[in-house]
Structures are given as C-alpha cells and as structure tokens.
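Dropping my_file_38.cif in here (mmCIF, C-alpha atoms):
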data_protein
loop_
_atom_site.label_atom_id
_atom_site.label_comp_id
_atom_site.auth_asym_id
_atom_site.auth_seq_id
_atom_site.Cartn_x
_atom_site.Cartn_y
_atom_site.Cartn_z
CA MET A 17 0.00 0.00 0.00
CA GLU A 18 1.53 3.28 -1.07
CA LYS A 19 0.46 6.90 -1.04
CA VAL A 20 -0.32 8.68 -4.29
CA ILE A 21 1.47 11.95 -5.00
CA ILE A 22 -0.86 13.77 -7.35
CA ASN A 23 1.80 15.98 -8.91
CA GLU A 24 4.05 13.01 -9.68
CA LYS A 25 1.15 11.27 -11.42
CA LEU A 26 0.21 14.38 -13.41
CA ALA A 27 3.79 14.63 -14.67
CA LEU A 28 3.44 11.20 -16.30
CA PHE A 29 1.08 12.25 -19.08
CA SER A 30 0.10 15.22 -21.16
CA GLU A 31 -2.75 14.07 -23.42
CA HIS A 32 -6.15 15.60 -22.96
CA TRP A 33 -9.45 13.84 -22.22
CA LYS A 34 -7.79 10.51 -21.39
CA PRO A 35 -8.42 9.83 -17.70
CA LYS A 36 -5.86 7.70 -15.87
CA ILE A 37 -6.68 5.44 -12.95
CA VAL A 38 -4.67 6.24 -9.82
CA GLY A 39 -6.69 4.44 -7.18
CA GLU A 40 -9.81 2.49 -6.37
CA LEU A 41 -12.13 2.24 -3.42
CA ASN A 42 -15.56 0.78 -2.89
CA GLU A 43 -16.09 -0.18 -6.54
CA GLN A 44 -15.07 3.26 -7.72
CA TYR A 45 -12.02 4.58 -9.45
CA VAL A 46 -10.02 7.66 -8.60
CA LYS A 47 -8.84 9.12 -11.89
CA LEU A 48 -6.68 12.03 -12.98
CA ALA A 49 -7.25 13.85 -16.24
CA LYS A 50 -5.96 16.85 -18.13
CA ILE A 51 -8.55 18.53 -20.23
CA LYS A 52 -8.69 21.44 -22.61
CA GLY A 53 -11.51 22.58 -24.82
CA GLU A 54 -15.16 21.59 -24.87
CA PHE A 55 -16.31 18.06 -24.14
CA VAL A 56 -19.63 16.58 -25.27
CA TRP A 57 -22.95 16.97 -23.53
CA HIS A 58 -23.73 13.72 -21.75
CA LYS A 59 -25.14 12.14 -18.64
CA HIS A 60 -24.54 9.00 -16.64
CA GLU A 61 -27.74 7.08 -15.98
CA LYS A 62 -26.66 5.35 -12.81
CA GLU A 63 -23.50 7.01 -11.60
CA ASP A 64 -22.76 10.15 -9.63
CA GLU A 65 -19.53 11.81 -10.65
CA MET A 66 -17.19 13.97 -8.58
CA PHE A 67 -14.95 16.57 -10.23
CA TYR A 68 -12.19 17.99 -8.04
CA VAL A 69 -10.06 20.70 -9.63
CA LEU A 70 -6.30 20.48 -9.10
CA SER A 71 -5.17 23.30 -11.38
CA GLY A 72 -6.81 25.71 -13.80
CA GLU A 73 -10.42 26.77 -14.12
CA LEU A 74 -13.07 24.21 -15.03
CA LYS A 75 -16.51 25.14 -16.21
CA ILE A 76 -19.17 22.48 -15.92
CA GLU A 77 -22.07 23.51 -18.07
CA LEU A 78 -25.45 22.28 -16.93
CA ARG A 79 -28.67 22.83 -18.83
CA ASP A 80 -29.73 25.65 -16.51
CA LYS A 81 -26.45 27.11 -15.28
CA VAL A 82 -22.68 26.91 -15.27
CA LEU A 83 -20.49 25.86 -12.35
CA THR A 84 -17.04 27.48 -12.43
CA LEU A 85 -14.52 25.55 -10.38
CA ASN A 86 -11.07 26.66 -9.31
CA PRO A 87 -8.38 24.62 -7.54
CA ASN A 88 -9.52 22.94 -4.33
CA GLU A 89 -13.13 23.23 -5.31
CA PHE A 90 -15.32 20.32 -6.36
CA ALA A 91 -18.74 19.51 -7.68
CA ILE A 92 -20.75 16.31 -7.71
CA ILE A 93 -22.90 15.74 -10.77
CA PRO A 94 -25.75 13.43 -9.79
CA LYS A 95 -26.79 10.53 -11.98
CA GLY A 96 -29.07 11.54 -14.81
CA VAL A 97 -27.97 15.17 -14.97
CA GLU A 98 -26.72 16.37 -18.34
CA HIS A 99 -23.43 18.18 -18.19
CA ARG A 100 -20.55 19.34 -20.34
CA PRO A 101 -17.06 20.07 -19.01
CA VAL A 102 -15.31 23.01 -20.65
CA ALA A 103 -11.73 24.15 -20.09
CA ILE A 104 -10.62 27.27 -21.91
CA ASP A 105 -7.03 26.70 -20.77
CA GLU A 106 -5.69 23.37 -19.59
CA VAL A 107 -7.20 22.06 -16.39
CA SER A 108 -6.09 19.14 -14.23
CA ILE A 109 -8.81 17.31 -12.37
CA MET A 110 -9.37 14.38 -10.09
CA ILE A 111 -12.50 12.39 -10.85
CA ILE A 112 -14.16 9.88 -8.56
CA GLU A 113 -16.86 7.69 -10.05
CA PRO A 114 -17.96 4.04 -10.25
CA MET A 115 -15.73 1.64 -12.15
CA SER A 116 -18.56 1.24 -14.64
CA THR A 117 -18.58 4.91 -15.65
CA LEU A 118 -17.76 5.72 -19.26
CA ASN A 119 -16.30 9.20 -19.72
CA THR A 120 -18.84 10.18 -22.34
CA GLY A 121 -21.79 8.57 -20.54
CA ASP A 122 -24.71 8.15 -22.92
CA ALA A 123 -22.97 10.02 -25.74
CA GLU A 124 -20.43 7.61 -27.15
CA SER A 125 -18.17 9.15 -29.76
CA GLU A 126 -14.54 9.30 -30.79
CA LEU A 127 -13.95 10.89 -27.37
CA THR A 128 -15.07 7.76 -25.57
CA VAL A 129 -12.25 5.97 -23.74
CA LYS A 130 -13.10 2.39 -22.88
CA GLU A 131 -9.70 1.12 -21.80
CA LEU A 132 -8.17 3.33 -19.16
CA ASP A 133 -4.50 3.32 -18.31
CA ARG A 134 -3.49 2.84 -14.72
CA ILE A 135 -0.53 4.97 -13.72
CA MET G 28 -26.50 21.87 -7.42
CA GLU G 29 -23.62 24.00 -6.18
CA LYS G 30 -19.89 23.66 -6.12
CA VAL G 31 -18.06 23.13 -2.84
CA ILE G 32 -15.25 25.51 -1.97
CA ILE G 33 -13.08 23.52 0.39
CA ASN G 34 -11.50 26.51 2.11
CA GLU G 35 -14.88 28.08 2.85
CA LYS G 36 -16.06 24.86 4.43
CA LEU G 37 -12.88 24.47 6.48
CA ALA G 38 -13.39 27.98 7.87
CA LEU G 39 -16.72 26.90 9.38
CA PHE G 40 -15.31 24.69 12.10
CA SER G 41 -12.25 24.25 14.26
CA GLU G 42 -12.87 21.15 16.39
CA HIS G 43 -10.67 18.13 15.90
CA TRP G 44 -11.72 14.58 15.00
CA LYS G 45 -15.30 15.57 14.10
CA PRO G 46 -15.72 14.94 10.36
CA LYS G 47 -18.26 17.11 8.55
CA ILE G 48 -20.21 15.94 5.52
CA VAL G 49 -19.75 18.19 2.48
CA GLY G 50 -21.04 15.96 -0.29
CA GLU G 51 -22.30 12.54 -1.26
CA LEU G 52 -21.99 10.32 -4.27
CA ASN G 53 -22.73 6.67 -4.96
CA GLU G 54 -23.65 5.86 -1.37
CA GLN G 55 -20.53 7.48 -0.05
CA TYR G 56 -19.89 10.67 1.83
CA VAL G 57 -17.25 13.27 1.15
CA LYS G 58 -16.15 14.60 4.52
CA LEU G 59 -13.77 17.24 5.77
CA ALA G 60 -11.97 16.96 9.08
CA LYS G 61 -9.36 18.74 11.12
CA ILE G 62 -7.25 16.47 13.21
CA LYS G 63 -4.44 16.82 15.68
CA GLY G 64 -2.82 14.21 17.85
CA GLU G 65 -3.05 10.44 17.77
CA PHE G 66 -6.26 8.64 16.87
CA VAL G 67 -7.08 5.06 17.86
CA TRP G 68 -5.98 1.95 16.03
CA HIS G 69 -8.95 0.60 14.11
CA LYS G 70 -10.11 -1.00 10.90
CA HIS G 71 -13.26 -0.95 8.80
CA GLU G 72 -14.49 -4.45 8.00
CA LYS G 73 -16.29 -3.61 4.79
CA GLU G 74 -15.27 -0.16 3.72
CA ASP G 75 -12.29 1.27 1.89
CA GLU G 76 -11.33 4.73 3.07
CA MET G 77 -9.63 7.52 1.13
CA PHE G 78 -7.59 10.15 2.95
CA TYR G 79 -6.69 13.24 0.89
CA VAL G 80 -4.49 15.80 2.64
CA LEU G 81 -5.45 19.46 2.21
CA SER G 82 -2.98 21.05 4.63
CA GLY G 83 -0.38 19.83 7.09
CA GLU G 84 1.37 16.49 7.34
CA LEU G 85 -0.62 13.36 8.08
CA LYS G 86 0.93 10.13 9.20
CA ILE G 87 -1.12 7.00 8.73
CA GLU G 88 0.40 4.30 10.83
CA LEU G 89 -0.08 0.79 9.54
CA ARG G 90 1.03 -2.33 11.39
CA ASP G 91 4.08 -2.72 9.15
CA LYS G 92 4.90 0.83 8.06
CA VAL G 93 3.94 4.48 8.14
CA LEU G 94 2.55 6.52 5.25
CA THR G 95 3.45 10.21 5.48
CA LEU G 96 1.12 12.38 3.44
CA ASN G 97 1.55 16.01 2.51
CA PRO G 98 -0.95 18.30 0.75
CA ASN G 99 -2.26 16.97 -2.56
CA GLU G 100 -1.29 13.46 -1.66
CA PHE G 101 -3.72 10.70 -0.78
CA ALA G 102 -3.88 7.12 0.42
CA ILE G 103 -6.61 4.54 0.26
CA ILE G 104 -6.81 2.20 3.23
CA PRO G 105 -8.49 -1.03 2.10
CA LYS G 106 -11.18 -2.70 4.14
CA GLY G 107 -9.83 -4.82 6.95
CA VAL G 108 -6.48 -3.02 7.27
CA GLU G 109 -5.66 -1.69 10.71
CA HIS G 110 -4.53 1.92 10.72
CA ARG G 111 -4.05 4.88 13.01
CA PRO G 112 -3.99 8.50 11.79
CA VAL G 113 -1.51 10.72 13.58
CA ALA G 114 -1.09 14.48 13.17
CA ILE G 115 1.68 16.12 15.13
CA ASP G 116 0.43 19.56 14.09
CA GLU G 117 -3.08 20.26 12.82
CA VAL G 118 -3.95 18.62 9.54
CA SER G 119 -6.97 19.22 7.31
CA ILE G 120 -8.16 16.25 5.30
CA MET G 121 -10.85 15.21 2.90
CA ILE G 122 -12.20 11.71 3.49
CA ILE G 123 -14.25 9.65 1.06
CA GLU G 124 -15.91 6.53 2.40
CA PRO G 125 -19.26 4.73 2.44
CA MET G 126 -22.11 6.35 4.31
CA SER G 127 -22.01 3.41 6.70
CA THR G 128 -18.44 4.08 7.85
CA LEU G 129 -17.91 4.93 11.50
CA ASN G 130 -14.82 7.04 12.15
CA THR G 131 -13.42 4.65 14.71
CA GLY G 132 -14.34 1.52 12.78
CA ASP G 133 -14.27 -1.52 15.05
CA ALA G 134 -12.85 0.45 17.98
CA GLU G 135 -15.77 2.41 19.37
CA SER G 136 -14.79 4.84 22.10
CA GLU G 137 -15.39 8.37 23.24
CA LEU G 138 -13.86 9.41 19.90
CA THR G 139 -16.66 7.75 17.95
CA VAL G 140 -18.92 10.22 16.15
CA LYS G 141 -22.24 8.69 15.15
CA GLU G 142 -24.12 11.81 14.12
CA LEU G 143 -22.18 13.83 11.59
CA ASP G 144 -22.90 17.47 10.85
CA ARG G 145 -23.48 18.48 7.28
CA ILE G 146 -21.95 21.83 6.44
#
Serialized structure, structure tokens:
Amino acid sequence: MEKVIINEKLALFSEHWKPKIVGELNEQYVKLAKIKGEFVWHKHEKEDEMFYVLSGELKIELRDKVLTLNPNEFAIIPKGVEHRPVAIDEVSIMIIEPMSTLNTGDAESELTVKELDRI
Amino acid sequence: MEKVIINEKLALFSEHWKPKIVGELNEQYVKLAKIKGEFVWHKHEKEDEMFYVLSGELKIELRDKVLTLNPNEFAIIPKGVEHRPVAIDEVSIMIIEPMSTLNTGDAESELTVKELDRI
C-alpha cells in the first residue's frame, strides 16, 4: 500500500481527455485527467460523478447554469444530470466515479475511452 | 446543485476529530476533518477509506509501516487493514468513504462520532 502523490502522477502524461486510474475504493475509481476545450454533452444514468479541480479553471455547463470551479473546489454531478465540461485553458482534475462509468456517458463518440490506463 | 469551496467549508469549524459531511456520491460521503494528535488503532471491515491531505502532514500508521502524506497526496486504506492516523500539528483532510463508515471503525470509544454534521 503506497500513497499517491498527485503531482508526480500528473507529470506522467500530457494528453487531454484521457483519464488515468490512480486508485480504487468501494467499486469506484479515482482518476486524474488533463482537459482542454469543450467536451460533449452527456449524462450517466446510474453514476454520480465527482470533479475535483487540481489546477486551472473548469466550467461544468449544466442545462440551466454553469459551475465554475477553481483549484480545491469540487462539484458532484448526480446521476441523470446532463453536463458538459469546458476548459478554456488546460485544467487538471481528479474524478471519482464508479468503475462502470464511461467518460462520455450516454454520448459515445470518438472521445469515448473504454480502456483506461493505470498509472 | 452548487460547487463546494473547500477553504470556505474548512473555515466553518475548528474542532478536531469531528468529520463534517460536504457531499455525497454513490452511497458514499465526502467529509472534511481537522485532526491533531493520535487517533485510535482501528479498521473498517467492509469499507475502503480515502484520505486526501489538504494542509499539514498526516501520518497514517499501519502495522508494518507508516505513510506520510503532505498536501495533494492521498492514500486509500483497504477494508480490513488496521490503521491509526496521527497528526503532530493540525492537519486538514478530505475523506471519502461509504455512508455506513464509522470514524473509529471496530474500535468504538469516546472518539466515535455517530451523528455527523453536514456543512
């Protein structure tokens, strides 16, 4: 059992929109991702999703408002709620969600990542 | 649905060893706690527990080694593993664990907190 040093893990990759698994607990994964640009609108039918911002400014667009998250701020998107992450400049985030969660939820596309790396 | 600003939440309390609920997802709570001193040795039979350090230096004593965590580092203690958190100076942490998790696990004592505040 070892600790996870977030900054060491973030230094291991640079690609955007490809979450990496860095831990697991209670049938969920802890993932790190770097994102930039606009993602797709999607929802997760059965899974709540936690976004914790590590660096940069993340906007999570919802159908009725926008959440703007800075470092050390988080939001939990409940199951069934449509959302779209947007990062004008690069943002690093930690995501906690069930192992079953697909990044694009119900909106599979070329952005969908089915096989996640573990770093 | 609102974001959670960790520092605003931490400013709302000062007591040690009394975790506060700040979010929930997938039958788990996200909690914040301030701790100082030595906790009790305990384990959680069925629940994995994530400790994410926000400020200070947290030592998690295990039976065979010690994990020393600084800010933006985390550790996941698997179910069944005995551990004891120790903070020489005050440490602020985020904890993610099932709603059913009792802070002292199998070692109920005067440190056990059964009714958690939500802030």
**OP:** Name the residues in contact with Thr128 (chain A) at a cut-off of 9 Å, using only C-alpha atoms, excluding same-chain residues fewer than 4 positions from it; report them as a PyMOL selection string.
**Re:** chain A and resi 33-34+118-121+123-124
Subject >> Target residues per the PyMOL selection byres ((chain G) within 8 of (chain A)), formatted as an NGL selection string >> reply: :G and (28-34 or 50-53 or 74-77 or 94-96 or 99-105 or 124-125)
**OP:** Write out as a list in words each polymer residue whose atoms come within 7 Å of Phe66 (chain G), counting all atoms listed in the file; drop sequence neighbours fewer than 2 positions from it.
**Re:**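 Everything that qualifies: Gly64, Trp68, Arg111, Pro112 and Val113 of chain G.
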Subject >> Residues in the PyMOL selection byres ((chain G and resi 39) around 12), expressed as a PyMOL selection string >> reply: chain G and resi 32-38+40-42+47+49+59-61+144-146
Using only C-alpha atoms, please write the residues we just selected to a file, as a PDB file, keeping the file's coordinate frame.
ATOM      1  CA  ILE G  32     -15.250  25.510  -1.970  1.00  0.00           C
ATOM      2  CA  ILE G  33     -13.080  23.520   0.390  1.00  0.00           C
ATOM      3  CA  ASN G  34     -11.500  26.510   2.110  1.00  0.00           C
ATOM      4  CA  GLU G  35     -14.880  28.080   2.850  1.00  0.00           C
ATOM      5  CA  LYS G  36     -16.060  24.860   4.430  1.00  0.00           C
ATOM      6  CA  LEU G  37     -12.880  24.470   6.480  1.00  0.00           C
ATOM      7  CA  ALA G  38     -13.390  27.980   7.870  1.00  0.00           C
ATOM      8  CA  PHE G  40     -15.310  24.690  12.100  1.00  0.00           C
ATOM      9  CA  SER G  41     -12.250  24.250  14.260  1.00  0.00           C
ATOM     10  CA  GLU G  42     -12.870  21.150  16.390  1.00  0.00           C
ATOM     11  CA  LYS G  47     -18.260  17.110   8.550  1.00  0.00           C
ATOM     12  CA  VAL G  49     -19.750  18.190   2.480  1.00  0.00           C
ATOM     13  CA  LEU G  59     -13.770  17.240   5.770  1.00  0.00           C
ATOM     14  CA  ALA G  60     -11.970  16.960   9.080  1.00  0.00           C
ATOM     15  CA  LYS G  61      -9.360  18.740  11.120  1.00  0.00           C
ATOM     16  CA  ASP G 144     -22.900  17.470  10.850  1.00  0.00           C
ATOM     17  CA  ARG G 145     -23.480  18.480   7.280  1.00  0.00           C
ATOM     18  CA  ILE G 146     -21.950  21.830   6.440  1.00  0.00           C
TER      19      ILE G 146
END
Hand me chain G as it sits after a least-squares fit onto chain A over every Cα, paired in order, written as a compact mmCIF listing (two decimals) with C-alpha atoms, keeping the file's coordinate frame.
# COMPACT_ATOMS: atom_id res chain seq x y z
CA MET G 28 0.00 0.01 0.00
CA GLU G 29 1.54 3.30 -1.08
CA LYS G 30 0.47 6.89 -1.04
CA VAL G 31 -0.33 8.69 -4.29
CA ILE G 32 1.47 11.95 -4.99
CA ILE G 33 -0.85 13.76 -7.35
CA ASN G 34 1.81 15.97 -8.92
CA GLU G 35 4.05 13.00 -9.70
CA LYS G 36 1.18 11.26 -11.43
CA LEU G 37 0.22 14.37 -13.39
CA ALA G 38 3.80 14.62 -14.67
CA LEU G 39 3.45 11.20 -16.32
CA PHE G 40 1.08 12.24 -19.07
CA SER G 41 0.10 15.22 -21.16
CA GLU G 42 -2.75 14.07 -23.41
CA HIS G 43 -6.16 15.61 -22.97
CA TRP G 44 -9.45 13.84 -22.22
CA LYS G 45 -7.79 10.50 -21.40
CA PRO G 46 -8.43 9.83 -17.69
CA LYS G 47 -5.85 7.71 -15.88
CA ILE G 48 -6.69 5.45 -12.96
CA VAL G 49 -4.67 6.24 -9.83
CA GLY G 50 -6.67 4.44 -7.18
CA GLU G 51 -9.80 2.49 -6.37
CA LEU G 52 -12.12 2.24 -3.43
CA ASN G 53 -15.57 0.76 -2.89
CA GLU G 54 -16.07 -0.17 -6.54
CA GLN G 55 -15.07 3.25 -7.70
CA TYR G 56 -12.02 4.58 -9.45
CA VAL G 57 -10.03 7.66 -8.60
CA LYS G 58 -8.85 9.13 -11.89
CA LEU G 59 -6.70 12.03 -12.97
CA ALA G 60 -7.24 13.86 -16.23
CA LYS G 61 -5.96 16.84 -18.13
CA ILE G 62 -8.55 18.53 -20.24
CA LYS G 63 -8.70 21.44 -22.61
CA GLY G 64 -11.52 22.58 -24.82
CA GLU G 65 -15.16 21.60 -24.88
CA PHE G 66 -16.31 18.07 -24.14
CA VAL G 67 -19.62 16.59 -25.28
CA TRP G 68 -22.94 16.98 -23.53
CA HIS G 69 -23.72 13.73 -21.75
CA LYS G 70 -25.15 12.16 -18.64
CA HIS G 71 -24.53 9.01 -16.63
CA GLU G 72 -27.73 7.08 -15.99
CA LYS G 73 -26.64 5.37 -12.81
CA GLU G 74 -23.50 7.01 -11.59
CA ASP G 75 -22.75 10.15 -9.62
CA GLU G 76 -19.52 11.82 -10.65
CA MET G 77 -17.19 13.98 -8.56
CA PHE G 78 -14.97 16.56 -10.22
CA TYR G 79 -12.18 17.99 -8.03
CA VAL G 80 -10.07 20.72 -9.62
CA LEU G 81 -6.30 20.49 -9.09
CA SER G 82 -5.17 23.31 -11.38
CA GLY G 83 -6.82 25.71 -13.80
CA GLU G 84 -10.43 26.76 -14.12
CA LEU G 85 -13.07 24.22 -15.03
CA LYS G 86 -16.52 25.13 -16.22
CA ILE G 87 -19.18 22.48 -15.92
CA GLU G 88 -22.07 23.51 -18.07
CA LEU G 89 -25.45 22.29 -16.92
CA ARG G 90 -28.67 22.82 -18.85
CA ASP G 91 -29.73 25.65 -16.53
CA LYS G 92 -26.45 27.12 -15.29
CA VAL G 93 -22.68 26.91 -15.27
CA LEU G 94 -20.49 25.85 -12.35
CA THR G 95 -17.05 27.48 -12.42
CA LEU G 96 -14.52 25.56 -10.38
CA ASN G 97 -11.08 26.67 -9.30
CA PRO G 98 -8.38 24.61 -7.54
CA ASN G 99 -9.52 22.95 -4.32
CA GLU G 100 -13.12 23.23 -5.31
CA PHE G 101 -15.31 20.33 -6.36
CA ALA G 102 -18.75 19.50 -7.69
CA ILE G 103 -20.74 16.31 -7.71
CA ILE G 104 -22.90 15.75 -10.76
CA PRO G 105 -25.76 13.42 -9.80
CA LYS G 106 -26.80 10.53 -11.98
CA GLY G 107 -29.06 11.53 -14.82
CA VAL G 108 -27.96 15.18 -14.98
CA GLU G 109 -26.72 16.37 -18.34
CA HIS G 110 -23.42 18.20 -18.19
CA ARG G 111 -20.55 19.34 -20.36
CA PRO G 112 -17.05 20.08 -19.01
CA VAL G 113 -15.32 23.02 -20.64
CA ALA G 114 -11.74 24.16 -20.09
CA ILE G 115 -10.63 27.27 -21.90
CA ASP G 116 -7.04 26.70 -20.78
CA GLU G 117 -5.69 23.35 -19.59
CA VAL G 118 -7.21 22.06 -16.40
CA SER G 119 -6.08 19.14 -14.24
CA ILE G 120 -8.81 17.31 -12.37
CA MET G 121 -9.36 14.38 -10.09
CA ILE G 122 -12.50 12.38 -10.84
CA ILE G 123 -14.18 9.87 -8.55
CA GLU G 124 -16.86 7.68 -10.05
CA PRO G 125 -17.95 4.04 -10.25
CA MET G 126 -15.74 1.64 -12.15
CA SER G 127 -18.57 1.23 -14.64
CA THR G 128 -18.59 4.91 -15.66
CA LEU G 129 -17.76 5.73 -19.26
CA ASN G 130 -16.30 9.20 -19.74
CA THR G 131 -18.84 10.18 -22.34
CA GLY G 132 -21.78 8.59 -20.55
CA ASP G 133 -24.70 8.13 -22.92
CA ALA G 134 -22.97 10.02 -25.74
CA GLU G 135 -20.43 7.60 -27.14
CA SER G 136 -18.17 9.15 -29.76
CA GLU G 137 -14.56 9.30 -30.79
CA LEU G 138 -13.94 10.89 -27.37
CA THR G 139 -15.06 7.75 -25.56
CA VAL G 140 -12.24 5.96 -23.74
CA LYS G 141 -13.10 2.37 -22.90
CA GLU G 142 -9.70 1.11 -21.81
CA LEU G 143 -8.19 3.32 -19.15
CA ASP G 144 -4.50 3.32 -18.31
CA ARG G 145 -3.50 2.82 -14.72
CA ILE G 146 -0.55 4.96 -13.72
What are the centre and edge lengths in Å, to one decimal, of the axis-aligned box around all listed atoms of region 29-45 of chain A with 4 Å added on each side, as JSON?
{"center_x": -7.5, "center_y": 7.7, "center_z": -13.2, "size_x": 25.2, "size_y": 23.8, "size_z": 28.5}
**OP:** Can you pull out every residue within 10 Å of Ile104 (chain A), counting all atoms listed in the file, but drop anything in the same chain fewer than 2 positions away, and send it as a list of chain:residue names?
**Re:**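 The neighbour list is A:Ile51, A:Lys52, A:Gly53, A:Glu54, A:Gly72, A:Glu73, A:Leu74, A:Lys75, A:Val102, A:Glu106, A:Val107.
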Subject >> Gap from CA of Glu98 (chain A) to CA of Lys59 (chain A) - Å, one decimal >> reply: 4.5 Å
Original post:
Which distance in Å separates CA of Glu61 (chain A) and CA of Leu127 (chain A), to one decimal?
Top reply: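 Between these atoms lies a distance of 18.3 Å.
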Original post:
Just how far from CA of Tyr45 (chain A) is CA of Gly107 (chain G), in Å to one decimal?
Top reply: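 Answer for the CA of Gly107 (chain G) to CA of Tyr45 (chain A) separation: 19.0 Å.
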Kindly output region 101-109 of chain A as an mmCIF file, keeping the file's coordinate frame, after building all heavy atoms.
data_model
loop_
_atom_site.group_PDB
_atom_site.id
_atom_site.type_symbol
_atom_site.label_atom_id
_atom_site.label_comp_id
_atom_site.auth_asym_id
_atom_site.auth_seq_id
_atom_site.Cartn_x
_atom_site.Cartn_y
_atom_site.Cartn_z
ATOM 1 N N PRO A 101 -18.262 19.394 -19.506
ATOM 2 C CA PRO A 101 -17.060 20.070 -19.010
ATOM 3 C C PRO A 101 -16.415 20.917 -20.104
ATOM 4 O O PRO A 101 -16.325 20.481 -21.263
ATOM 5 C CB PRO A 101 -16.123 18.907 -18.627
ATOM 6 C CG PRO A 101 -17.003 17.688 -18.556
ATOM 7 C CD PRO A 101 -18.096 17.937 -19.558
ATOM 8 N N VAL A 102 -15.983 22.090 -19.725
ATOM 9 C CA VAL A 102 -15.310 23.010 -20.650
ATOM 10 C C VAL A 102 -14.099 23.612 -19.939
ATOM 11 O O VAL A 102 -14.204 24.104 -18.818
ATOM 12 C CB VAL A 102 -16.268 24.147 -21.090
ATOM 13 C CG1 VAL A 102 -15.516 25.157 -21.948
ATOM 14 C CG2 VAL A 102 -17.464 23.581 -21.857
ATOM 15 N N ALA A 103 -12.960 23.564 -20.634
ATOM 16 C CA ALA A 103 -11.730 24.150 -20.090
ATOM 17 C C ALA A 103 -11.138 25.058 -21.160
ATOM 18 O O ALA A 103 -10.682 24.572 -22.198
ATOM 19 C CB ALA A 103 -10.743 23.059 -19.712
ATOM 20 N N ILE A 104 -11.162 26.337 -20.912
ATOM 21 C CA ILE A 104 -10.620 27.270 -21.910
ATOM 22 C C ILE A 104 -9.103 27.087 -21.989
ATOM 23 O O ILE A 104 -8.541 26.940 -23.067
ATOM 24 C CB ILE A 104 -11.008 28.716 -21.549
ATOM 25 C CG1 ILE A 104 -12.536 28.844 -21.637
ATOM 26 C CG2 ILE A 104 -10.308 29.702 -22.495
ATOM 27 C CD1 ILE A 104 -13.084 30.146 -21.137
ATOM 28 N N ASP A 105 -8.446 27.082 -20.835
ATOM 29 C CA ASP A 105 -7.030 26.700 -20.770
ATOM 30 C C ASP A 105 -6.955 25.325 -20.093
ATOM 31 O O ASP A 105 -7.932 24.855 -19.518
ATOM 32 C CB ASP A 105 -6.243 27.740 -19.980
ATOM 33 C CG ASP A 105 -6.228 29.084 -20.683
ATOM 34 O OD1 ASP A 105 -5.918 29.122 -21.891
ATOM 35 O OD2 ASP A 105 -6.560 30.086 -20.035
ATOM 36 N N GLU A 106 -5.795 24.714 -20.146
ATOM 37 C CA GLU A 106 -5.690 23.370 -19.590
ATOM 38 C C GLU A 106 -6.051 23.306 -18.107
ATOM 39 O O GLU A 106 -5.664 24.185 -17.327
ATOM 40 C CB GLU A 106 -4.262 22.824 -19.776
ATOM 41 C CG GLU A 106 -4.131 21.375 -19.320
ATOM 42 C CD GLU A 106 -2.741 20.825 -19.519
ATOM 43 O OE1 GLU A 106 -1.867 21.096 -18.660
ATOM 44 O OE2 GLU A 106 -2.505 20.123 -20.515
ATOM 45 N N VAL A 107 -6.781 22.290 -17.771
ATOM 46 C CA VAL A 107 -7.200 22.060 -16.390
ATOM 47 C C VAL A 107 -6.810 20.636 -16.006
ATOM 48 O O VAL A 107 -6.949 19.709 -16.805
ATOM 49 C CB VAL A 107 -8.740 22.220 -16.266
ATOM 50 C CG1 VAL A 107 -9.209 21.851 -14.863
ATOM 51 C CG2 VAL A 107 -9.161 23.638 -16.619
ATOM 52 N N SER A 108 -6.333 20.485 -14.776
ATOM 53 C CA SER A 108 -6.090 19.140 -14.230
ATOM 54 C C SER A 108 -7.143 18.855 -13.184
ATOM 55 O O SER A 108 -7.402 19.692 -12.318
ATOM 56 C CB SER A 108 -4.695 19.061 -13.598
ATOM 57 O OG SER A 108 -3.695 19.249 -14.569
ATOM 58 N N ILE A 109 -7.735 17.672 -13.295
ATOM 59 C CA ILE A 109 -8.810 17.310 -12.370
ATOM 60 C C ILE A 109 -8.621 15.905 -11.820
ATOM 61 O O ILE A 109 -7.989 15.051 -12.438
ATOM 62 C CB ILE A 109 -10.202 17.388 -13.039
ATOM 63 C CG1 ILE A 109 -10.250 16.533 -14.315
ATOM 64 C CG2 ILE A 109 -10.584 18.820 -13.347
ATOM 65 C CD1 ILE A 109 -11.619 16.480 -14.977
#
